[in-house]
$ cat structure27.cif   # mmCIF, C-alpha atoms
data_model
#
loop_
_atom_site.group_PDB
_atom_site.id
_atom_site.type_symbol
_atom_site.label_atom_id
_atom_site.label_comp_id
_atom_site.auth_asym_id
_atom_site.auth_seq_id
_atom_site.Cartn_x
_atom_site.Cartn_y
_atom_site.Cartn_z
ATOM 1 C CA MET A 1 -28.438 -154.341 -364.689
ATOM 2 C CA ARG A 2 -31.535 -152.202 -364.990
ATOM 3 C CA GLY A 3 -33.271 -154.112 -362.159
ATOM 4 C CA PHE A 4 -30.250 -153.567 -359.919
ATOM 5 C CA ALA A 5 -30.347 -149.806 -360.524
ATOM 6 C CA SER A 6 -34.063 -149.734 -359.784
ATOM 7 C CA LEU A 7 -33.519 -151.679 -356.574
ATOM 8 C CA TRP A 8 -30.696 -149.350 -355.580
ATOM 9 C CA ALA A 9 -32.851 -146.272 -356.243
ATOM 10 C CA SER A 10 -35.681 -147.757 -354.168
ATOM 11 C CA LEU A 11 -33.332 -148.446 -351.264
ATOM 12 C CA LEU A 12 -31.946 -144.909 -351.408
ATOM 13 C CA LEU A 13 -35.462 -143.482 -351.459
ATOM 14 C CA CYS A 14 -36.437 -145.557 -348.411
ATOM 15 C CA LEU A 15 -33.274 -144.491 -346.602
ATOM 16 C CA TRP A 16 -33.970 -140.836 -347.385
ATOM 17 C CA VAL A 17 -37.558 -141.121 -346.160
ATOM 18 C CA LEU A 18 -36.543 -142.848 -342.940
ATOM 19 C CA LEU A 19 -33.550 -140.684 -342.070
ATOM 20 C CA GLY A 20 -33.540 -137.482 -344.025
ATOM 21 C CA ALA A 21 -37.099 -136.365 -344.541
ATOM 22 C CA PRO A 22 -38.264 -133.630 -342.213
ATOM 23 C CA VAL A 23 -40.643 -135.136 -339.724
ATOM 24 C CA SER A 24 -43.005 -133.061 -337.669
ATOM 25 C CA PRO A 25 -42.861 -134.069 -334.021
ATOM 26 C CA VAL A 26 -45.831 -135.977 -332.754
ATOM 27 C CA ARG A 27 -46.985 -134.601 -329.432
ATOM 28 C CA ALA A 28 -49.091 -136.269 -326.854
ATOM 29 C CA SER A 29 -52.238 -134.504 -325.806
ATOM 30 C CA PRO A 30 -51.481 -131.491 -323.622
ATOM 31 C CA GLY A 31 -52.239 -131.389 -319.932
ATOM 32 C CA LEU A 32 -54.978 -128.738 -319.877
ATOM 33 C CA CYS A 33 -56.246 -126.232 -322.443
ATOM 34 C CA VAL A 34 -58.244 -123.021 -322.129
ATOM 35 C CA GLY A 35 -58.972 -121.475 -325.504
ATOM 36 C CA PRO A 36 -55.833 -121.460 -327.666
ATOM 37 C CA VAL A 37 -53.420 -121.900 -324.723
ATOM 38 C CA CYS A 38 -52.462 -125.263 -323.219
ATOM 39 C CA GLY A 39 -50.471 -126.051 -320.101
ATOM 40 C CA ASP A 40 -48.350 -129.146 -319.518
ATOM 41 C CA GLU A 41 -45.228 -130.301 -317.660
ATOM 42 C CA ILE A 42 -46.896 -129.283 -314.399
ATOM 43 C CA SER A 43 -45.035 -129.540 -311.104
ATOM 44 C CA ARG A 44 -45.343 -128.141 -307.606
ATOM 45 C CA SER A 45 -42.629 -125.883 -306.247
ATOM 46 C CA ALA A 46 -40.326 -127.653 -303.791
ATOM 47 C CA SER A 47 -40.027 -124.670 -301.469
ATOM 48 C CA HIS A 48 -43.567 -123.215 -301.619
ATOM 49 C CA HIS A 49 -46.489 -125.628 -301.774
ATOM 50 C CA TRP A 50 -48.821 -122.923 -303.105
ATOM 51 C CA GLN A 51 -46.758 -122.413 -306.285
ATOM 52 C CA LEU A 52 -47.147 -124.450 -309.451
ATOM 53 C CA ARG A 53 -44.678 -124.446 -312.321
ATOM 54 C CA LEU A 54 -45.881 -125.229 -315.795
ATOM 55 C CA ARG A 55 -45.145 -124.862 -319.460
ATOM 56 C CA VAL A 56 -47.733 -122.984 -321.503
ATOM 57 C CA SER A 57 -47.959 -122.963 -325.291
ATOM 58 C CA ASP A 58 -50.326 -121.533 -327.854
ATOM 59 C CA GLN A 59 -51.399 -122.378 -331.379
ATOM 60 C CA ASP A 60 -48.740 -120.097 -332.868
ATOM 61 C CA ARG A 61 -46.078 -122.367 -331.311
ATOM 62 C CA HIS A 62 -45.062 -119.810 -328.710
ATOM 63 C CA HIS A 63 -44.161 -121.453 -325.433
ATOM 64 C CA GLU A 64 -42.674 -120.524 -322.106
ATOM 65 C CA ARG A 65 -42.430 -121.673 -318.528
ATOM 66 C CA ILE A 66 -44.392 -119.794 -315.898
ATOM 67 C CA VAL A 67 -44.888 -119.930 -312.148
ATOM 68 C CA VAL A 68 -48.333 -119.331 -310.640
ATOM 69 C CA ASP A 69 -49.009 -118.311 -307.060
ATOM 70 C CA CYS A 70 -52.209 -120.237 -306.311
ATOM 71 C CA ARG A 71 -53.044 -118.040 -303.305
ATOM 72 C CA ASP A 72 -53.962 -115.091 -305.511
ATOM 73 C CA GLY A 73 -53.685 -116.433 -309.094
ATOM 74 C CA VAL A 74 -50.775 -114.202 -310.144
ATOM 75 C CA ILE A 75 -48.505 -115.621 -312.830
ATOM 76 C CA SER A 76 -44.856 -114.792 -313.267
ATOM 77 C CA PRO A 77 -43.456 -113.417 -315.538
ATOM 78 C CA ARG A 78 -46.194 -110.911 -316.220
ATOM 79 C CA TYR A 79 -45.249 -110.465 -319.891
ATOM 80 C CA GLY A 80 -44.264 -113.048 -322.460
ATOM 81 C CA PRO A 81 -44.987 -114.496 -325.890
ATOM 82 C CA VAL A 82 -48.087 -116.443 -324.771
ATOM 83 C CA GLU A 83 -51.307 -114.439 -324.320
ATOM 84 C CA ARG A 84 -51.612 -113.695 -320.594
ATOM 85 C CA GLY A 85 -55.392 -113.869 -320.218
ATOM 86 C CA HIS A 86 -55.601 -117.472 -321.376
ATOM 87 C CA ALA A 87 -52.348 -118.419 -319.597
ATOM 88 C CA ALA A 88 -53.780 -117.065 -316.332
ATOM 89 C CA ALA A 89 -57.012 -119.027 -316.904
ATOM 90 C CA VAL A 90 -55.002 -122.241 -317.416
ATOM 91 C CA ALA A 91 -53.008 -121.490 -314.252
ATOM 92 C CA ARG A 92 -56.123 -120.803 -312.137
ATOM 93 C CA ARG A 93 -57.799 -123.994 -313.346
ATOM 94 C CA LEU A 94 -54.668 -126.014 -312.506
ATOM 95 C CA CYS A 95 -54.598 -124.483 -309.028
ATOM 96 C CA ARG A 96 -58.213 -125.544 -308.477
ATOM 97 C CA LEU A 97 -57.527 -129.053 -309.750
ATOM 98 C CA ALA A 98 -54.404 -129.377 -307.603
ATOM 99 C CA GLY A 99 -56.279 -128.213 -304.520
ATOM 100 C CA ALA A 100 -53.729 -125.484 -303.918
ATOM 101 C CA ALA A 101 -56.153 -122.570 -304.123
#
$ encode --input "structure27.cif" --output "structure tokens"
Amino acid sequence: MRGFASLWASLLLCLWVLLGAPVSPVRASPGLCVGPVCGDEISRSASHHWQLRLRVSDQDRHHERIVVDCRDGVISPRYGPVERGHAAAVARRLCRLAGAA
């Protein structure tokens, strides 16, 4: 009987580990990083070919979606949780790589 209880406890532990334990999400490498800010999920605007849309995130797990006008390097919105200097640098580099500048 003792072996059965041990087996049962082992199965419950495995089930808890597989289903109930908090698991940190594994992320693929980001698209492009400048300093502590990385940009990914990059797409071109359907209506304006000079605009890029991207998701920026920092090391403090702040993230947001921004739009960059590659003609002059202005990002929108101007204020947000991600540091704007690094976010603008990521956006300008993406514009150069996309050939939209």
$ atom_distance --input "structure27.cif" --atom1 "CA of Glu64 (chain A)" --atom2 "CA of Val82 (chain A)"
7.3 Å
$ resolve_selection --input "structure27.cif" --expression "the PyMOL selection byres ((chain A and resi 60) around 12)" --output "list in words"
Pro36, Val37, Cys38, Val56, Ser57, Asp58, Gln59, Arg61, His62, His63, Pro81, Val82 and Glu83 of chain A
$ atom_distance --input "structure27.cif" --atom1 "CA of Arg53 (chain A)" --atom2 "CA of Gly99 (chain A)"
14.5 Å
$ closest_residue --input "structure27.cif" --among "A:Arg65, A:Cys33, A:Leu52, A:Ser76" --to "Ala89 (chain A)" --atoms "all atoms listed in the file"
A:Cys33
$ closest_residue --input "structure27.cif" --among "A:Val68, A:Val74, A:Val90, A:Val34" --to "His48 (chain A)" --atoms "all atoms listed in the file"
A:Val68
$ residues_around --input "structure27.cif" --residues "Leu94 (chain A)" --least-positions-apart "2" --cutoff "12 Å" --atoms "all atoms listed in the file" --output "PDB file with C-alpha atoms, keeping the file's coordinate frame"
ATOM      1  CA  GLY A  31     -52.239-131.389-319.932  1.00  0.00           C
ATOM      2  CA  LEU A  32     -54.978-128.738-319.877  1.00  0.00           C
ATOM      3  CA  CYS A  33     -56.246-126.232-322.443  1.00  0.00           C
ATOM      4  CA  VAL A  34     -58.244-123.021-322.129  1.00  0.00           C
ATOM      5  CA  CYS A  38     -52.462-125.263-323.219  1.00  0.00           C
ATOM      6  CA  GLY A  39     -50.471-126.051-320.101  1.00  0.00           C
ATOM      7  CA  ASP A  40     -48.350-129.146-319.518  1.00  0.00           C
ATOM      8  CA  GLU A  41     -45.228-130.301-317.660  1.00  0.00           C
ATOM      9  CA  ILE A  42     -46.896-129.283-314.399  1.00  0.00           C
ATOM     10  CA  SER A  43     -45.035-129.540-311.104  1.00  0.00           C
ATOM     11  CA  ARG A  44     -45.343-128.141-307.606  1.00  0.00           C
ATOM     12  CA  TRP A  50     -48.821-122.923-303.105  1.00  0.00           C
ATOM     13  CA  GLN A  51     -46.758-122.413-306.285  1.00  0.00           C
ATOM     14  CA  LEU A  52     -47.147-124.450-309.451  1.00  0.00           C
ATOM     15  CA  ARG A  53     -44.678-124.446-312.321  1.00  0.00           C
ATOM     16  CA  LEU A  54     -45.881-125.229-315.795  1.00  0.00           C
ATOM     17  CA  ARG A  55     -45.145-124.862-319.460  1.00  0.00           C
ATOM     18  CA  VAL A  56     -47.733-122.984-321.503  1.00  0.00           C
ATOM     19  CA  VAL A  67     -44.888-119.930-312.148  1.00  0.00           C
ATOM     20  CA  VAL A  68     -48.333-119.331-310.640  1.00  0.00           C
ATOM     21  CA  ASP A  69     -49.009-118.311-307.060  1.00  0.00           C
ATOM     22  CA  CYS A  70     -52.209-120.237-306.311  1.00  0.00           C
ATOM     23  CA  GLY A  73     -53.685-116.433-309.094  1.00  0.00           C
ATOM     24  CA  ALA A  87     -52.348-118.419-319.597  1.00  0.00           C
ATOM     25  CA  ALA A  88     -53.780-117.065-316.332  1.00  0.00           C
ATOM     26  CA  ALA A  89     -57.012-119.027-316.904  1.00  0.00           C
ATOM     27  CA  VAL A  90     -55.002-122.241-317.416  1.00  0.00           C
ATOM     28  CA  ALA A  91     -53.008-121.490-314.252  1.00  0.00           C
ATOM     29  CA  ARG A  92     -56.123-120.803-312.137  1.00  0.00           C
ATOM     30  CA  ARG A  96     -58.213-125.544-308.477  1.00  0.00           C
ATOM     31  CA  LEU A  97     -57.527-129.053-309.750  1.00  0.00           C
ATOM     32  CA  ALA A  98     -54.404-129.377-307.603  1.00  0.00           C
ATOM     33  CA  GLY A  99     -56.279-128.213-304.520  1.00  0.00           C
ATOM     34  CA  ALA A 100     -53.729-125.484-303.918  1.00  0.00           C
ATOM     35  CA  ALA A 101     -56.153-122.570-304.123  1.00  0.00           C
TER      36      ALA A 101
END
$ build_atoms --input "structure27.cif" --residues "region 68-98 of chain A" --atoms "N, CA and C atoms" --output "PDB file, in the coordinates of the input"
ATOM      1  N   VAL A  68     -47.085-119.938-311.097  1.00  0.00           N
ATOM      2  CA  VAL A  68     -48.333-119.331-310.640  1.00  0.00           C
ATOM      3  C   VAL A  68     -48.398-119.435-309.121  1.00  0.00           C
ATOM      4  N   ASP A  69     -48.757-118.342-308.489  1.00  0.00           N
ATOM      5  CA  ASP A  69     -49.009-118.311-307.060  1.00  0.00           C
ATOM      6  C   ASP A  69     -50.491-118.614-306.870  1.00  0.00           C
ATOM      7  N   CYS A  70     -50.812-119.800-306.405  1.00  0.00           N
ATOM      8  CA  CYS A  70     -52.209-120.237-306.311  1.00  0.00           C
ATOM      9  C   CYS A  70     -52.983-119.517-305.220  1.00  0.00           C
ATOM     10  N   ARG A  71     -52.316-118.780-304.347  1.00  0.00           N
ATOM     11  CA  ARG A  71     -53.044-118.040-303.305  1.00  0.00           C
ATOM     12  C   ARG A  71     -53.835-116.892-303.913  1.00  0.00           C
ATOM     13  N   ASP A  72     -53.252-116.216-304.908  1.00  0.00           N
ATOM     14  CA  ASP A  72     -53.962-115.091-305.511  1.00  0.00           C
ATOM     15  C   ASP A  72     -54.065-115.170-307.038  1.00  0.00           C
ATOM     16  N   GLY A  73     -53.542-116.227-307.651  1.00  0.00           N
ATOM     17  CA  GLY A  73     -53.685-116.433-309.094  1.00  0.00           C
ATOM     18  C   GLY A  73     -52.750-115.613-309.954  1.00  0.00           C
ATOM     19  N   VAL A  74     -51.720-115.020-309.380  1.00  0.00           N
ATOM     20  CA  VAL A  74     -50.775-114.202-310.144  1.00  0.00           C
ATOM     21  C   VAL A  74     -49.759-115.114-310.817  1.00  0.00           C
ATOM     22  N   ILE A  75     -49.507-114.847-312.103  1.00  0.00           N
ATOM     23  CA  ILE A  75     -48.505-115.621-312.830  1.00  0.00           C
ATOM     24  C   ILE A  75     -47.250-114.776-313.026  1.00  0.00           C
ATOM     25  N   SER A  76     -46.132-115.461-313.082  1.00  0.00           N
ATOM     26  CA  SER A  76     -44.856-114.792-313.267  1.00  0.00           C
ATOM     27  C   SER A  76     -44.107-115.513-314.380  1.00  0.00           C
ATOM     28  N   PRO A  77     -43.540-114.854-315.317  1.00  0.00           N
ATOM     29  CA  PRO A  77     -43.456-113.417-315.538  1.00  0.00           C
ATOM     30  C   PRO A  77     -44.770-112.846-316.056  1.00  0.00           C
ATOM     31  N   ARG A  78     -44.938-111.562-315.838  1.00  0.00           N
ATOM     32  CA  ARG A  78     -46.194-110.911-316.220  1.00  0.00           C
ATOM     33  C   ARG A  78     -46.341-110.717-317.720  1.00  0.00           C
ATOM     34  N   TYR A  79     -45.218-110.657-318.439  1.00  0.00           N
ATOM     35  CA  TYR A  79     -45.249-110.465-319.891  1.00  0.00           C
ATOM     36  C   TYR A  79     -44.478-111.583-320.565  1.00  0.00           C
ATOM     37  N   GLY A  80     -44.947-111.995-321.724  1.00  0.00           N
ATOM     38  CA  GLY A  80     -44.264-113.048-322.460  1.00  0.00           C
ATOM     39  C   GLY A  80     -44.936-113.288-323.793  1.00  0.00           C
ATOM     40  N   PRO A  81     -44.452-114.253-324.553  1.00  0.00           N
ATOM     41  CA  PRO A  81     -44.987-114.496-325.890  1.00  0.00           C
ATOM     42  C   PRO A  81     -46.386-115.127-325.898  1.00  0.00           C
ATOM     43  N   VAL A  82     -46.771-115.806-324.838  1.00  0.00           N
ATOM     44  CA  VAL A  82     -48.087-116.443-324.771  1.00  0.00           C
ATOM     45  C   VAL A  82     -49.079-115.451-324.179  1.00  0.00           C
ATOM     46  N   GLU A  83     -50.270-115.384-324.751  1.00  0.00           N
ATOM     47  CA  GLU A  83     -51.307-114.439-324.320  1.00  0.00           C
ATOM     48  C   GLU A  83     -51.624-114.664-322.843  1.00  0.00           C
ATOM     49  N   ARG A  84     -51.545-113.591-322.044  1.00  0.00           N
ATOM     50  CA  ARG A  84     -51.612-113.695-320.594  1.00  0.00           C
ATOM     51  C   ARG A  84     -53.001-114.003-320.046  1.00  0.00           C
ATOM     52  N   GLY A  85     -54.044-113.584-320.712  1.00  0.00           N
ATOM     53  CA  GLY A  85     -55.392-113.869-320.218  1.00  0.00           C
ATOM     54  C   GLY A  85     -55.680-115.364-320.202  1.00  0.00           C
ATOM     55  N   HIS A  86     -55.381-116.031-321.298  1.00  0.00           N
ATOM     56  CA  HIS A  86     -55.601-117.472-321.376  1.00  0.00           C
ATOM     57  C   HIS A  86     -54.598-118.230-320.502  1.00  0.00           C
ATOM     58  N   ALA A  87     -53.346-117.759-320.444  1.00  0.00           N
ATOM     59  CA  ALA A  87     -52.348-118.419-319.597  1.00  0.00           C
ATOM     60  C   ALA A  87     -52.767-118.340-318.132  1.00  0.00           C
ATOM     61  N   ALA A  88     -53.310-117.203-317.712  1.00  0.00           N
ATOM     62  CA  ALA A  88     -53.780-117.065-316.332  1.00  0.00           C
ATOM     63  C   ALA A  88     -54.980-117.971-316.072  1.00  0.00           C
ATOM     64  N   ALA A  89     -55.862-118.133-317.059  1.00  0.00           N
ATOM     65  CA  ALA A  89     -57.012-119.027-316.904  1.00  0.00           C
ATOM     66  C   ALA A  89     -56.558-120.471-316.761  1.00  0.00           C
ATOM     67  N   VAL A  90     -55.552-120.892-317.556  1.00  0.00           N
ATOM     68  CA  VAL A  90     -55.002-122.241-317.416  1.00  0.00           C
ATOM     69  C   VAL A  90     -54.407-122.408-316.023  1.00  0.00           C
ATOM     70  N   ALA A  91     -53.658-121.409-315.558  1.00  0.00           N
ATOM     71  CA  ALA A  91     -53.008-121.490-314.252  1.00  0.00           C
ATOM     72  C   ALA A  91     -54.039-121.570-313.125  1.00  0.00           C
ATOM     73  N   ARG A  92     -55.093-120.762-313.187  1.00  0.00           N
ATOM     74  CA  ARG A  92     -56.123-120.803-312.137  1.00  0.00           C
ATOM     75  C   ARG A  92     -56.838-122.146-312.118  1.00  0.00           C
ATOM     76  N   ARG A  93     -57.130-122.695-313.290  1.00  0.00           N
ATOM     77  CA  ARG A  93     -57.799-123.994-313.346  1.00  0.00           C
ATOM     78  C   ARG A  93     -56.893-125.078-312.769  1.00  0.00           C
ATOM     79  N   LEU A  94     -55.593-125.035-313.063  1.00  0.00           N
ATOM     80  CA  LEU A  94     -54.668-126.014-312.506  1.00  0.00           C
ATOM     81  C   LEU A  94     -54.580-125.898-310.984  1.00  0.00           C
ATOM     82  N   CYS A  95     -54.620-124.670-310.478  1.00  0.00           N
ATOM     83  CA  CYS A  95     -54.598-124.483-309.028  1.00  0.00           C
ATOM     84  C   CYS A  95     -55.846-125.115-308.395  1.00  0.00           C
ATOM     85  N   ARG A  96     -57.006-124.928-309.016  1.00  0.00           N
ATOM     86  CA  ARG A  96     -58.213-125.544-308.477  1.00  0.00           C
ATOM     87  C   ARG A  96     -58.147-127.057-308.511  1.00  0.00           C
ATOM     88  N   LEU A  97     -57.623-127.599-309.620  1.00  0.00           N
ATOM     89  CA  LEU A  97     -57.527-129.053-309.750  1.00  0.00           C
ATOM     90  C   LEU A  97     -56.510-129.642-308.786  1.00  0.00           C
ATOM     91  N   ALA A  98     -55.442-128.894-308.510  1.00  0.00           N
ATOM     92  CA  ALA A  98     -54.404-129.377-307.603  1.00  0.00           C
ATOM     93  C   ALA A  98     -54.800-129.195-306.138  1.00  0.00           C
TER      94      ALA A  98
END
